[in-house]
Amino acid sequence: MSEVADVGSAESEVAALLRRLIRLDTTNPPGNETLAAELLRDYLEAAGVECHLYARVPERANLVARIPGRGSGPSLAMLSHTDVVLADASEWERDPFGGEFAGSEIWGRGALDMKGEVAASAVALATLAREGWRGDGDLIFIAAADEEVGAGFGLEWLVEAHPDAVRADFSVNEGAGDRVELGGKVLYLCATAEKMSSPFELRVRGRSGHGAMPSIADNALVKAAPLIERLGAFETEPQLIPEVEGFLAALFGEVPPAADALARAREVAPLAGELIEPLLWMTVAPTMAHASDKRNIIPALCSVTVDTRILPGQTPEEAEATIRAWLGEGDYELVNTERFGGTRSPISGPLWDAVRSFVESEEPGAAAAPICVAGFTDSHWMREAFGTVAYGFFPSRDMDSETAARLIHSANERVPVSDLELGLRWLRHAAQVVCG
Ligand SMILES: [Zn+2]
C-alpha cells in the first residue's frame, strides 16, 4: 500500500518527542497542560504547521494545529489529551517523569495513556507538512487538557467555546487498537461506540425509632436487603448490538444467534467471552448504600446507588422499566440520577476503510473488528457536538493488551518504541486515506 509510507527518520522523532512530553509534569489535578501545549506548538511550528492555543485559564491550554485542505473534502481530527493521572514514585522502578529509554521501551507516566499517541499525532502532522502533503480536507490535531478529571477545561469546553476550531467529519482517539489472538484469528479492535452510564438510586422508606426497641420501628435498611440481593443477581436477555455483530462476524465469519453468542465466544477463547460479555446487555451493580447516621437510630430511609451501564441505543427509561420488572412490585422508589455517554458511530465509510486497509497491510491475515467500550473517552464530545464519526484506534502489537491494561493508571507505565512507530504509521495512513 503506497499510503503506508516509509517514515524513515521520523521513527526516532516520535520516541524523542514522547520522552520530552513525559518530562513535563501534567498530573491532573492541577494539570498545567500549557507546558505540553507550548512544547507541541514549538515543535509543529518549526515544521510549518499552523497552531493555536485555546485556554480557559492560562495554565491549562489546549493545542489545535491544522494542515488546511486544498478543497472541501472530509476533515479528520487526531484527538488526544495531554494530562495524566497521579504517579506515586515510590511504587515505580524508574522515575515516572524521567522519560527513560530502557531496552526497547520508553518509561513514564502517560507513555500509554496517552502521551504516546500525542507524540505520534504531532509527528504525523509534522512529517506530512515537511513533505508538502495537503489533503483535500483539513487535517486537525487536537491535544486537549483535562480528560482525566473532566472539570471543563478540555474538549468539553472547546466544542462549546471554539466549535469552528475543532469541528471535524472524522476523528481518531484513544480507546482501542489492541491486537488480540482468539483461537488463531488475529483481530485489531477499533472502538466505534460506548455504553452509557446511567446510575439509579434505589430508595426504601420505613419509620425511624430507637435502636433498643426495634420492634416498634420499621427498619428501612432491613427492608432494602432483599432488594439489594435481587439486584446482585440481575439478569436480562442478551441482544446483539451492531458492534458485537461486527466483532462476531470478524471472529467467526458469521453472526451466531444472541442466545448462543457468549458460549460460542468462550469456546474460541476466554478473552473473546470477556470482551463481549458486558456488551450483550445492560449491567447493574449496587455499589454504595446509606442508611442511619447514628448507631442507635433505626433508619427511616435507606438509599442504594446502583451503577448501571446501558447499551448504546438504550434509554435510561427503558433501563428503569427493566430493573422494576426484575425487582417486582414493592415499596421502593427508583430514580435515574445521571446519563452520560452512550454514543456510537457507523461501522462503515472512509475511516472504517482506513482502519481495515491499515490492519490488512500491516499484518496480512489479521482483521479489524469493531468493539463497544464499557467506559468512555473524549470521543463522545465530538459525536454529540458535530455528529463526527469518531473511533478509538491506536494500534499496538508488541505490548499485549493484558499487560497494557495493567500498566495504565498504574506503576511502571511504558510503551515499546515499535508500537509508537506502528501508531505513527496508522495516523499518517488515516490522514492520507480520509482527507484524500
Ligand atoms: Zn486517556
# chains A, B, ... in the order shown; residues from 1 in each chain; ligands from 1
>>> residues_near_ligand(ligand="ligand 1", cutoff="7 Å", atoms="only C-alpha atoms and all ligand atoms", output="VMD selection string")
chain A and resid 81 113 to 114 147 to 148 174
>>> write_last_selection(atoms="N, CA and C atoms", output="PDB file, in the first residue's frame")
ATOM      1  N   HIS A  81      -5.231  13.693  24.633  1.00  0.00           N
ATOM      2  CA  HIS A  81      -5.184  14.556  25.817  1.00  0.00           C
ATOM      3  C   HIS A  81      -3.785  14.547  26.403  1.00  0.00           C
ATOM      4  N   ASP A 113      -1.142   6.190  28.257  1.00  0.00           N
ATOM      5  CA  ASP A 113      -2.375   6.990  28.404  1.00  0.00           C
ATOM      6  C   ASP A 113      -2.014   8.438  28.694  1.00  0.00           C
ATOM      7  N   MET A 114      -1.861   9.305  27.655  1.00  0.00           N
ATOM      8  CA  MET A 114      -1.761   8.898  26.257  1.00  0.00           C
ATOM      9  C   MET A 114      -0.775   9.781  25.516  1.00  0.00           C
ATOM     10  N   GLU A 147      -8.689  15.636  30.356  1.00  0.00           N
ATOM     11  CA  GLU A 147      -9.554  14.493  30.061  1.00  0.00           C
ATOM     12  C   GLU A 147      -9.749  13.640  31.299  1.00  0.00           C
ATOM     13  N   GLU A 148      -8.707  13.521  32.117  1.00  0.00           N
ATOM     14  CA  GLU A 148      -8.743  12.557  33.224  1.00  0.00           C
ATOM     15  C   GLU A 148      -9.709  12.974  34.334  1.00  0.00           C
ATOM     16  N   GLU A 174      -7.874   7.739  21.515  1.00  0.00           N
ATOM     17  CA  GLU A 174      -7.596   6.542  22.300  1.00  0.00           C
ATOM     18  C   GLU A 174      -8.883   5.728  22.444  1.00  0.00           C
TER      19      GLU A 174
END
>>> residues_around(residues="Ala366 of chain A", least_positions_apart="5", cutoff="8 Å", atoms="only C-alpha atoms", output="list in words")
Lys185, Val186, Leu187, Tyr188, Val359 and Glu360 of chain A
>>> write_last_selection(atoms="C-alpha atoms", output="PDB file, in the first residue's frame")
ATOM      1  CA  LYS A 185      -7.577 -15.473  14.474  1.00  0.00           C
ATOM      2  CA  VAL A 186      -5.815 -12.109  14.884  1.00  0.00           C
ATOM      3  CA  LEU A 187      -8.091  -9.120  15.410  1.00  0.00           C
ATOM      4  CA  TYR A 188      -7.297  -5.439  15.924  1.00  0.00           C
ATOM      5  CA  VAL A 359      -4.623  -3.695   9.519  1.00  0.00           C
ATOM      6  CA  GLU A 360      -4.543  -5.788   6.345  1.00  0.00           C
TER       7      GLU A 360
END
>>> atom_distance(atom1="atom CA of Ser292 of chain A", atom2="atom CA of Leu334 of chain A")
19.4 Å
>>> residues_around(residues="segment 399-415 of chain A", least_positions_apart="6", cutoff="6 Å", atoms="only C-alpha atoms", output="compact mmCIF listing (two decimals) with C-alpha atoms, in the first residue's frame")
# COMPACT_ATOMS: atom_id res chain seq x y z
CA GLU A 91 5.78 2.38 43.53
CA TRP A 92 7.86 2.79 40.36
CA GLU A 105 10.70 0.83 25.72
CA ILE A 106 10.09 4.36 26.93
CA TRP A 107 9.08 4.62 30.56
CA GLY A 108 6.95 7.20 32.29
CA ARG A 109 3.52 8.38 33.28
CA ALA A 111 3.53 6.56 27.91
CA ASP A 178 -5.43 -3.76 20.86
>>> select_by_dssp(residues="segment 289-432 of chain A", states="helix (DSSP H, G or I)", output="MDAnalysis selection string")
chainID A and resid 316:327 350:362 379:386 401:407 417:432
>>> residues_around(residues="Thr283 of chain A", least_positions_apart="3", cutoff="9 Å", atoms="only C-alpha atoms", output="PyMOL selection string")
chain A and resi 234-236+278-279+307-311
>>> write_last_selection(atoms="C-alpha atoms", output="tab-separated table (two decimals), in the first residue's frame")
chain	number	residue	atom	x	y	z
A	234	PHE	CA	-29.73	-9.21	37.89
A	235	GLU	CA	-30.14	-10.96	34.55
A	236	THR	CA	-31.67	-9.91	31.28
A	278	PRO	CA	-20.60	-6.71	29.11
A	279	LEU	CA	-21.81	-5.73	25.62
A	307	ASP	CA	-24.21	1.67	38.97
A	308	THR	CA	-25.96	0.92	35.69
A	309	ARG	CA	-24.38	0.72	32.22
A	310	ILE	CA	-26.72	0.51	29.27
A	311	LEU	CA	-26.15	-0.30	25.64
>>> atom_distance(atom1="atom CA of Ala191 of chain A", atom2="atom CA of Tyr391 of chain A")
5.5 Å
>>> residues_around(residues="Glu160 of chain A", least_positions_apart="6", cutoff="12 Å", atoms="only C-alpha atoms", output="list in words")
Arg56, Gly152, Phe153, Gly154, Val166, Arg167, Trp381, Met382, Glu384, Ala385 and Phe386 of chain A
>>> write_last_selection(atoms="N, CA and C atoms", output="PDB file, in the first residue's frame")
ATOM      1  N   ARG A  56      -9.019  28.238  28.867  1.00  0.00           N
ATOM      2  CA  ARG A  56      -9.981  28.897  29.760  1.00  0.00           C
ATOM      3  C   ARG A  56      -9.249  29.618  30.871  1.00  0.00           C
ATOM      4  N   GLY A 152     -14.009  20.618  32.784  1.00  0.00           N
ATOM      5  CA  GLY A 152     -14.477  21.665  31.882  1.00  0.00           C
ATOM      6  C   GLY A 152     -13.383  22.559  31.313  1.00  0.00           C
ATOM      7  N   PHE A 153     -12.142  22.061  31.232  1.00  0.00           N
ATOM      8  CA  PHE A 153     -11.057  22.848  30.636  1.00  0.00           C
ATOM      9  C   PHE A 153     -10.612  22.295  29.279  1.00  0.00           C
ATOM     10  N   GLY A 154     -11.117  21.123  28.925  1.00  0.00           N
ATOM     11  CA  GLY A 154     -10.615  20.420  27.746  1.00  0.00           C
ATOM     12  C   GLY A 154     -11.603  20.413  26.596  1.00  0.00           C
ATOM     13  N   VAL A 166     -12.490  23.084  16.218  1.00  0.00           N
ATOM     14  CA  VAL A 166     -12.348  21.640  16.459  1.00  0.00           C
ATOM     15  C   VAL A 166     -13.355  20.770  15.698  1.00  0.00           C
ATOM     16  N   ARG A 167     -14.263  21.409  14.959  1.00  0.00           N
ATOM     17  CA  ARG A 167     -15.257  20.624  14.218  1.00  0.00           C
ATOM     18  C   ARG A 167     -14.557  19.752  13.184  1.00  0.00           C
ATOM     19  N   TRP A 381     -17.740  13.750  22.979  1.00  0.00           N
ATOM     20  CA  TRP A 381     -17.993  15.192  22.797  1.00  0.00           C
ATOM     21  C   TRP A 381     -18.089  15.525  21.316  1.00  0.00           C
ATOM     22  N   MET A 382     -17.234  14.880  20.508  1.00  0.00           N
ATOM     23  CA  MET A 382     -17.244  15.140  19.065  1.00  0.00           C
ATOM     24  C   MET A 382     -18.524  14.584  18.435  1.00  0.00           C
ATOM     25  N   GLU A 384     -21.415  14.101  19.883  1.00  0.00           N
ATOM     26  CA  GLU A 384     -22.583  14.865  20.331  1.00  0.00           C
ATOM     27  C   GLU A 384     -22.621  16.259  19.715  1.00  0.00           C
ATOM     28  N   ALA A 385     -21.454  16.918  19.621  1.00  0.00           N
ATOM     29  CA  ALA A 385     -21.442  18.310  19.157  1.00  0.00           C
ATOM     30  C   ALA A 385     -21.584  18.400  17.639  1.00  0.00           C
ATOM     31  N   PHE A 386     -20.928  17.509  16.903  1.00  0.00           N
ATOM     32  CA  PHE A 386     -20.826  17.703  15.447  1.00  0.00           C
ATOM     33  C   PHE A 386     -21.299  16.496  14.635  1.00  0.00           C
TER      34      PHE A 386
END
>>> residues_around(residues="segment 337-345 of chain A", least_positions_apart="5", cutoff="10 Å", atoms="only C-alpha atoms", output="PyMOL selection string")
chain A and resi 170+191-201+242-243+305-306+308-316+372-384+387-391
>>> write_last_selection(atoms="N, CA and C atoms", output="compact mmCIF listing (two decimals), in the first residue's frame")
# COMPACT_ATOMS: atom_id res chain seq x y z
N PHE A 170 -14.46 13.45 10.81
CA PHE A 170 -13.97 12.18 11.35
C PHE A 170 -12.96 12.48 12.47
N ALA A 191 -12.65 0.87 18.61
CA ALA A 191 -13.81 1.30 19.39
C ALA A 191 -14.65 2.26 18.57
N THR A 192 -15.87 1.82 18.25
CA THR A 192 -16.75 2.66 17.44
C THR A 192 -17.96 3.16 18.25
N ALA A 193 -18.09 2.69 19.49
CA ALA A 193 -19.25 3.06 20.30
C ALA A 193 -18.89 2.94 21.77
N GLU A 194 -19.75 3.43 22.61
CA GLU A 194 -19.52 3.31 24.06
C GLU A 194 -20.85 3.12 24.78
N LYS A 195 -20.79 2.42 25.89
CA LYS A 195 -22.00 2.25 26.69
C LYS A 195 -22.33 3.56 27.39
N MET A 196 -23.58 3.67 27.85
CA MET A 196 -23.99 4.85 28.61
C MET A 196 -23.95 4.54 30.10
N SER A 197 -23.42 5.48 30.87
CA SER A 197 -23.50 5.38 32.32
C SER A 197 -24.82 6.01 32.75
N SER A 198 -25.66 5.23 33.39
CA SER A 198 -27.00 5.70 33.74
C SER A 198 -27.36 5.20 35.14
N PRO A 199 -26.66 5.71 36.17
CA PRO A 199 -26.88 5.18 37.52
C PRO A 199 -28.27 5.52 38.07
N PHE A 200 -28.75 4.66 38.95
CA PHE A 200 -30.03 4.87 39.64
C PHE A 200 -29.80 4.93 41.14
N GLU A 201 -30.76 5.57 41.82
CA GLU A 201 -30.78 5.49 43.26
C GLU A 201 -32.05 4.74 43.67
N PRO A 242 -24.95 -3.70 16.88
CA PRO A 242 -24.17 -3.82 15.63
C PRO A 242 -22.67 -4.02 15.88
N GLU A 243 -22.13 -3.43 16.95
CA GLU A 243 -20.70 -3.56 17.23
C GLU A 243 -20.35 -5.01 17.57
N THR A 305 -27.01 3.23 45.82
CA THR A 305 -26.58 3.65 44.49
C THR A 305 -26.39 2.42 43.62
N VAL A 306 -27.04 2.43 42.46
CA VAL A 306 -26.98 1.28 41.56
C VAL A 306 -26.27 1.71 40.28
N THR A 308 -25.26 1.58 36.79
CA THR A 308 -25.96 0.92 35.69
C THR A 308 -25.36 1.37 34.37
N ARG A 309 -24.96 0.40 33.54
CA ARG A 309 -24.38 0.72 32.22
C ARG A 309 -25.29 0.13 31.17
N ILE A 310 -25.77 0.99 30.27
CA ILE A 310 -26.72 0.51 29.27
C ILE A 310 -26.10 0.55 27.89
N LEU A 311 -26.70 -0.19 26.98
CA LEU A 311 -26.15 -0.30 25.64
C LEU A 311 -26.41 0.98 24.85
N PRO A 312 -25.51 1.32 23.90
CA PRO A 312 -25.82 2.46 23.04
C PRO A 312 -27.15 2.19 22.34
N GLY A 313 -28.02 3.19 22.32
CA GLY A 313 -29.34 2.99 21.73
C GLY A 313 -30.41 2.74 22.79
N GLN A 314 -30.02 2.18 23.95
CA GLN A 314 -30.99 2.02 25.03
C GLN A 314 -31.16 3.35 25.75
N THR A 315 -32.33 3.56 26.39
CA THR A 315 -32.54 4.79 27.15
C THR A 315 -32.63 4.46 28.64
N PRO A 316 -32.33 5.44 29.51
CA PRO A 316 -32.49 5.22 30.95
C PRO A 316 -33.93 4.82 31.31
N CYS A 372 -17.47 -2.07 21.29
CA CYS A 372 -18.10 -1.00 22.06
C CYS A 372 -17.36 -0.97 23.38
N VAL A 373 -16.94 0.19 23.84
CA VAL A 373 -16.20 0.23 25.11
C VAL A 373 -17.15 0.43 26.28
N ALA A 374 -16.81 -0.20 27.40
CA ALA A 374 -17.68 -0.11 28.56
C ALA A 374 -17.52 1.24 29.25
N GLY A 375 -16.37 1.89 29.10
CA GLY A 375 -16.17 3.23 29.67
C GLY A 375 -16.40 4.28 28.60
N PHE A 376 -15.80 5.48 28.77
CA PHE A 376 -15.95 6.45 27.70
C PHE A 376 -14.71 7.32 27.59
N THR A 377 -14.55 7.94 26.43
CA THR A 377 -13.41 8.81 26.15
C THR A 377 -13.96 10.15 25.68
N ASP A 378 -13.04 11.06 25.34
CA ASP A 378 -13.44 12.36 24.81
C ASP A 378 -14.19 12.26 23.47
N SER A 379 -14.15 11.09 22.82
CA SER A 379 -14.80 10.96 21.51
C SER A 379 -16.28 11.35 21.56
N HIS A 380 -16.92 11.10 22.70
CA HIS A 380 -18.37 11.37 22.74
C HIS A 380 -18.67 12.86 22.58
N TRP A 381 -17.74 13.75 22.98
CA TRP A 381 -17.99 15.19 22.80
C TRP A 381 -18.09 15.52 21.32
N MET A 382 -17.23 14.88 20.51
CA MET A 382 -17.24 15.14 19.07
C MET A 382 -18.52 14.58 18.44
N ARG A 383 -18.91 13.38 18.84
CA ARG A 383 -20.15 12.79 18.28
C ARG A 383 -21.35 13.65 18.63
N GLU A 384 -21.41 14.10 19.88
CA GLU A 384 -22.58 14.86 20.33
C GLU A 384 -22.62 16.26 19.72
N GLY A 387 -21.72 15.43 15.29
CA GLY A 387 -22.04 14.21 14.55
C GLY A 387 -20.81 13.58 13.92
N THR A 388 -19.66 13.86 14.49
CA THR A 388 -18.39 13.31 13.97
C THR A 388 -18.40 11.78 14.02
N VAL A 389 -17.87 11.15 12.97
CA VAL A 389 -17.62 9.71 13.02
C VAL A 389 -16.32 9.53 13.79
N ALA A 390 -16.43 9.09 15.05
CA ALA A 390 -15.30 9.11 15.98
C ALA A 390 -14.95 7.69 16.40
N TYR A 391 -13.71 7.31 16.16
CA TYR A 391 -13.25 5.97 16.55
C TYR A 391 -12.11 6.08 17.57
>>> residues_around(residues="Leu53 of chain A", least_positions_apart="5", cutoff="10 Å", atoms="only C-alpha atoms", output="JSON list (two decimals) with C-alpha atoms, in the first residue's frame")
[["chain", "number", "residue", "atom", "x", "y", "z"],
["A", 34, "THR", "CA", 0.12, 24.56, 28.90],
["A", 37, "ALA", "CA", 0.74, 22.64, 24.52],
["A", 38, "GLU", "CA", 3.71, 25.04, 24.17],
["A", 41, "ARG", "CA", 3.32, 24.27, 19.28],
["A", 58, "PRO", "CA", -3.67, 30.39, 31.20],
["A", 60, "ARG", "CA", -4.47, 24.83, 31.10],
["A", 61, "ALA", "CA", -4.13, 25.38, 27.36],
["A", 62, "ASN", "CA", -5.42, 23.12, 24.59],
["A", 63, "LEU", "CA", -3.45, 23.00, 21.36],
["A", 64, "VAL", "CA", -5.18, 22.89, 17.97],
["A", 65, "ALA", "CA", -2.98, 22.53, 14.88],
["A", 142, "ILE", "CA", -6.29, 18.49, 19.00],
["A", 143, "ALA", "CA", -4.17, 17.97, 22.12],
["A", 144, "ALA", "CA", -6.74, 18.65, 24.82]]
>>> closest_residue(among="A:Ile276, A:Ala122, A:Ala220, A:Leu182", to="Pro238 of chain A", atoms="only C-alpha atoms")
A:Ile276
